[in-house]
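As provided, target20.cif (mmCIF, C-alpha atoms; chains and numbers go by the auth columns) reads as follows.
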```cif
data_target
#
loop_
_atom_site.group_PDB
_atom_site.id
_atom_site.type_symbol
_atom_site.label_atom_id
_atom_site.label_comp_id
_atom_site.label_asym_id
_atom_site.label_seq_id
_atom_site.Cartn_x
_atom_site.Cartn_y
_atom_site.Cartn_z
_atom_site.B_iso_or_equiv
_atom_site.auth_seq_id
_atom_site.auth_asym_id
ATOM 1 C CA MET A 1 128.668 136.260 103.700 0.00 9 A
ATOM 2 C CA ALA A 2 127.543 134.395 100.561 0.00 10 A
ATOM 3 C CA ILE A 3 129.531 131.645 98.838 0.00 11 A
ATOM 4 C CA THR A 4 130.672 131.827 95.206 0.00 12 A
ATOM 5 C CA GLU A 5 131.524 128.295 94.079 0.00 13 A
ATOM 6 C CA ILE A 6 134.266 128.094 91.461 0.00 14 A
ATOM 7 C CA THR A 7 134.646 125.111 89.129 0.00 15 A
ATOM 8 C CA PRO A 8 138.288 124.758 88.056 0.00 16 A
ATOM 9 C CA SER A 9 139.264 124.007 84.469 0.00 17 A
ATOM 10 C CA SER A 10 141.565 121.068 83.776 0.00 18 A
ATOM 11 C CA ILE A 11 144.888 121.595 82.054 0.00 19 A
ATOM 12 C CA THR A 12 146.205 118.908 79.723 0.00 20 A
ATOM 13 C CA LEU A 13 149.912 118.302 79.368 0.00 21 A
ATOM 14 C CA ASP A 14 151.578 119.623 76.196 0.00 22 A
ATOM 15 C CA THR A 15 148.742 122.018 75.335 0.00 23 A
ATOM 16 C CA LEU A 16 148.429 125.792 75.354 0.00 24 A
ATOM 17 C CA PHE A 17 146.104 127.586 77.761 0.00 25 A
ATOM 18 C CA VAL A 18 145.611 131.354 77.847 0.00 26 A
ATOM 19 C CA VAL A 19 144.561 133.540 80.772 0.00 27 A
ATOM 20 C CA GLY A 20 143.927 137.256 80.515 0.00 28 A
ATOM 21 C CA GLY A 21 141.497 140.145 80.513 0.00 29 A
ATOM 22 C CA THR A 22 138.257 139.194 82.201 0.00 30 A
ATOM 23 C CA GLU A 23 138.902 135.453 82.189 0.00 31 A
ATOM 24 C CA GLY A 24 137.405 133.750 85.235 0.00 32 A
ATOM 25 C CA THR A 25 135.054 134.902 87.968 0.00 33 A
ATOM 26 C CA ALA A 26 134.863 138.534 89.084 0.00 34 A
ATOM 27 C CA ILE A 27 136.053 139.171 92.635 0.00 35 A
ATOM 28 C CA ASN A 28 133.175 140.106 94.921 0.00 36 A
ATOM 29 C CA THR A 29 134.496 141.302 98.295 0.00 37 A
ATOM 30 C CA SER A 30 131.121 140.504 99.897 0.00 38 A
ATOM 31 C CA ASN A 31 131.417 136.801 99.057 0.00 39 A
ATOM 32 C CA THR A 32 133.714 133.921 99.991 0.00 40 A
ATOM 33 C CA MET A 33 135.013 131.967 97.002 0.00 41 A
ATOM 34 C CA GLU A 34 135.109 128.199 97.406 0.00 42 A
ATOM 35 C CA ILE A 35 137.137 125.923 95.110 0.00 43 A
ATOM 36 C CA PRO A 36 137.256 122.100 95.366 0.00 44 A
ATOM 37 C CA TYR A 37 140.672 120.459 95.497 0.00 45 A
ATOM 38 C CA PRO A 38 141.398 117.831 92.818 0.00 46 A
ATOM 39 C CA LYS A 39 141.406 114.124 93.672 0.00 47 A
ATOM 40 C CA GLN A 40 144.942 114.021 92.258 0.00 48 A
ATOM 41 C CA GLY A 41 147.417 116.728 91.293 0.00 49 A
ATOM 42 C CA LYS A 42 147.520 120.355 92.375 0.00 50 A
ATOM 43 C CA LEU A 43 145.229 123.351 92.314 0.00 51 A
ATOM 44 C CA MET A 44 146.484 126.506 90.586 0.00 52 A
ATOM 45 C CA ILE A 45 144.813 129.882 91.098 0.00 53 A
ATOM 46 C CA ILE A 46 145.349 132.823 88.730 0.00 54 A
ATOM 47 C CA ILE A 47 144.272 136.290 89.878 0.00 55 A
ATOM 48 C CA ILE A 48 144.165 139.160 87.415 0.00 56 A
ATOM 49 C CA SER A 49 144.041 142.220 89.648 0.00 57 A
ATOM 50 C CA SER A 50 142.554 145.561 88.644 0.00 58 A
ATOM 51 C CA ASN A 51 143.505 147.215 91.956 0.00 59 A
ATOM 52 C CA SER A 52 146.992 147.291 93.471 0.00 60 A
ATOM 53 C CA ASN A 53 145.463 146.643 96.924 0.00 61 A
ATOM 54 C CA THR A 54 143.821 143.353 95.967 0.00 62 A
ATOM 55 C CA SER A 55 144.463 140.939 98.840 0.00 63 A
ATOM 56 C CA PRO A 56 143.181 137.355 98.902 0.00 64 A
ATOM 57 C CA ILE A 57 143.001 135.574 102.248 0.00 65 A
ATOM 58 C CA PHE A 58 143.225 131.771 101.934 0.00 66 A
ATOM 59 C CA THR A 59 141.513 130.164 104.938 0.00 67 A
ATOM 60 C CA ALA A 60 143.426 127.655 107.074 0.00 68 A
ATOM 61 C CA GLY A 61 141.945 124.169 106.962 0.00 69 A
ATOM 62 C CA PHE A 62 142.420 120.777 108.573 0.00 70 A
ATOM 63 C CA GLY A 63 145.578 119.340 106.949 0.00 71 A
ATOM 64 C CA VAL A 64 148.893 118.512 108.596 0.00 72 A
ATOM 65 C CA SER A 65 150.156 122.071 108.077 0.00 73 A
ATOM 66 C CA ALA A 66 146.930 123.838 109.099 0.00 74 A
ATOM 67 C CA GLY A 67 148.617 125.095 112.269 0.00 75 A
ATOM 68 C CA LYS A 68 150.424 127.667 110.125 0.00 76 A
ATOM 69 C CA GLY A 69 147.081 129.479 109.898 0.00 77 A
ATOM 70 C CA SER A 70 145.434 131.335 107.050 0.00 78 A
ATOM 71 C CA LEU A 71 147.593 132.715 104.242 0.00 79 A
ATOM 72 C CA THR A 72 147.197 136.365 103.220 0.00 80 A
ATOM 73 C CA MET A 73 148.733 137.699 100.029 0.00 81 A
ATOM 74 C CA THR A 74 148.960 141.480 100.025 0.00 82 A
ATOM 75 C CA ALA A 75 149.138 144.255 97.453 0.00 83 A
ATOM 76 C CA ILE A 76 148.880 142.292 94.235 0.00 84 A
ATOM 77 C CA THR A 77 150.104 144.504 91.394 0.00 85 A
ATOM 78 C CA SER A 78 147.295 146.030 89.332 0.00 86 A
ATOM 79 C CA GLY A 79 147.048 144.636 85.811 0.00 87 A
ATOM 80 C CA ALA A 80 149.427 141.772 86.573 0.00 88 A
ATOM 81 C CA LEU A 81 148.686 138.086 86.383 0.00 89 A
ATOM 82 C CA ASN A 82 149.373 136.540 89.795 0.00 90 A
ATOM 83 C CA GLY A 83 149.586 132.768 90.176 0.00 91 A
ATOM 84 C CA TYR A 84 149.444 130.468 93.187 0.00 92 A
ATOM 85 C CA ILE A 85 149.780 126.683 93.356 0.00 93 A
ATOM 86 C CA PHE A 86 148.257 124.960 96.366 0.00 94 A
ATOM 87 C CA SER A 87 148.293 121.556 97.967 0.00 95 A
ATOM 88 C CA SER A 88 145.649 120.616 100.478 0.00 96 A
ATOM 89 C CA ASP A 89 147.918 120.051 103.492 0.00 97 A
ATOM 90 C CA ARG A 90 147.409 123.567 104.910 0.00 98 A
ATOM 91 C CA LEU A 91 144.452 125.268 103.317 0.00 99 A
ATOM 92 C CA ALA A 92 141.688 122.709 102.738 0.00 100 A
ATOM 93 C CA VAL A 93 138.533 123.170 104.797 0.00 101 A
ATOM 94 C CA ALA A 94 136.822 119.898 105.691 0.00 102 A
ATOM 95 C CA THR A 95 133.398 120.792 104.347 0.00 103 A
ATOM 96 C CA GLY A 96 132.412 123.710 102.208 0.00 104 A
ATOM 97 C CA ASP A 97 129.620 126.092 103.115 0.00 105 A
ATOM 98 C CA GLY A 98 128.205 126.427 99.604 0.00 106 A
ATOM 99 C CA ALA A 99 125.087 124.895 98.102 0.00 107 A
ATOM 100 C CA SER A 100 126.869 121.661 97.167 0.00 108 A
ATOM 101 C CA ALA A 101 128.877 121.458 100.442 0.00 109 A
ATOM 102 C CA ILE A 102 132.136 120.484 98.730 0.00 110 A
ATOM 103 C CA ARG A 103 134.454 118.355 100.832 0.00 111 A
ATOM 104 C CA GLY A 104 138.108 119.405 100.741 0.00 112 A
ATOM 105 C CA CYS A 105 137.996 122.900 99.266 0.00 113 A
ATOM 106 C CA LEU A 106 139.984 126.111 99.307 0.00 114 A
ATOM 107 C CA GLN A 107 138.135 129.115 100.740 0.00 115 A
ATOM 108 C CA ILE A 108 139.136 132.650 99.778 0.00 116 A
ATOM 109 C CA THR A 109 137.942 135.906 101.303 0.00 117 A
ATOM 110 C CA TRP A 110 138.993 139.328 100.059 0.00 118 A
ATOM 111 C CA ALA A 111 140.180 142.628 101.518 0.00 119 A
ATOM 112 C CA ALA A 112 137.617 145.411 101.001 0.00 120 A
ATOM 113 C CA SER A 113 139.569 147.133 98.206 0.00 121 A
ATOM 114 C CA SER A 114 140.106 143.955 96.135 0.00 122 A
ATOM 115 C CA ALA A 115 139.063 143.931 92.468 0.00 123 A
ATOM 116 C CA GLY A 116 139.736 141.773 89.438 0.00 124 A
ATOM 117 C CA TYR A 117 139.144 138.185 88.324 0.00 125 A
ATOM 118 C CA LEU A 118 140.026 134.733 89.598 0.00 126 A
ATOM 119 C CA LYS A 119 140.460 131.591 87.492 0.00 127 A
ATOM 120 C CA ALA A 120 141.217 128.133 88.912 0.00 128 A
ATOM 121 C CA TYR A 121 142.914 125.198 87.193 0.00 129 A
ATOM 122 C CA TYR A 122 143.606 121.571 88.054 0.00 130 A
ATOM 123 C CA LEU A 123 147.187 120.678 87.147 0.00 131 A
ATOM 124 C CA PRO A 124 147.915 117.177 85.849 0.00 132 A
#
```
As structure tokens, the full file:
Amino acid sequence: MAITEITPSSITLDTLFVVGGTEGTAINTSNTMEIPYPKQGKLMIIIISSNSNTSPIFTAGFGVSAGKGSLTMTAITSGALNGYIFSSDRLAVATGDGASAIRGCLQITWAASSAGYLKAYYLP
């Protein structure tokens, strides 16, 4: 399985940001998406699904809550904007598998019927 590395955008306090349409990276069910965690703050993921069976699987990592295992979100509504905010205590893998081998990243795999776009943001 290939790796698609995602570079999150930073959000600034007291400013507008817009997500919609084909914003972000297209979901490719053959690839694992890999997103680096911020040095400070939180990581927010927005998924704009174009299939009601879109299901991201967030891989369990090495943090204090990693024993809870991977996190699967099922049946995201088609056409809806779905948001997730993550901390690294459960879902950060120690070293990424991508070309730049990111340390402390979120890995996402997809159910076969998944379709849509993913956009990542660092929250202040």
Report task. Please provide the set of residues having any atom within 12 Å of region 11-28 of chain A, restricted to all atoms listed in the file, with same-chain residues fewer than 5 positions apart removed, written as an MDAnalysis selection string. Result -> chainID A and resid 33:46 48:58 87:91 104:110 113:117 124:132
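Counting all atoms listed in the file, the residue from A:Trp118, A:Gly112, A:Ser96, A:Ser86 that sits nearest to Ile65 (chain A) is A:Trp118.
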Report task. Please evaluate the PyMOL selection byres ((chain A and resi 73) around 12) against the displayed coordinates and give the resulting residues as a VMD selection string. Result -> chain A and resid 68 to 72 74 to 79 95 to 100
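Closest approach to Phe66 (chain A) among A:Tyr92, A:Ser122, A:Gly29, A:Lys47: A:Tyr92, based on only C-alpha atoms.
With CA of Ile84 (chain A) on one side and CA of Ser63 (chain A) on the other, the separation reads 6.5 Å.
Here CA of Thr85 (chain A) and CA of Ala119 (chain A) stand 14.3 Å from one another.
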Report, as lines of an AutoDock Vina configuration file, the axis-aligned box around all atoms of region 54-69 of chain A present in the file, extended by 4 Å on each side; give centre and edge lengths in Å to one decimal place.
```
center_x = 144.3
center_y = 135.7
center_z = 97.2
size_x = 13.5
size_y = 31.1
size_z = 27.7
```
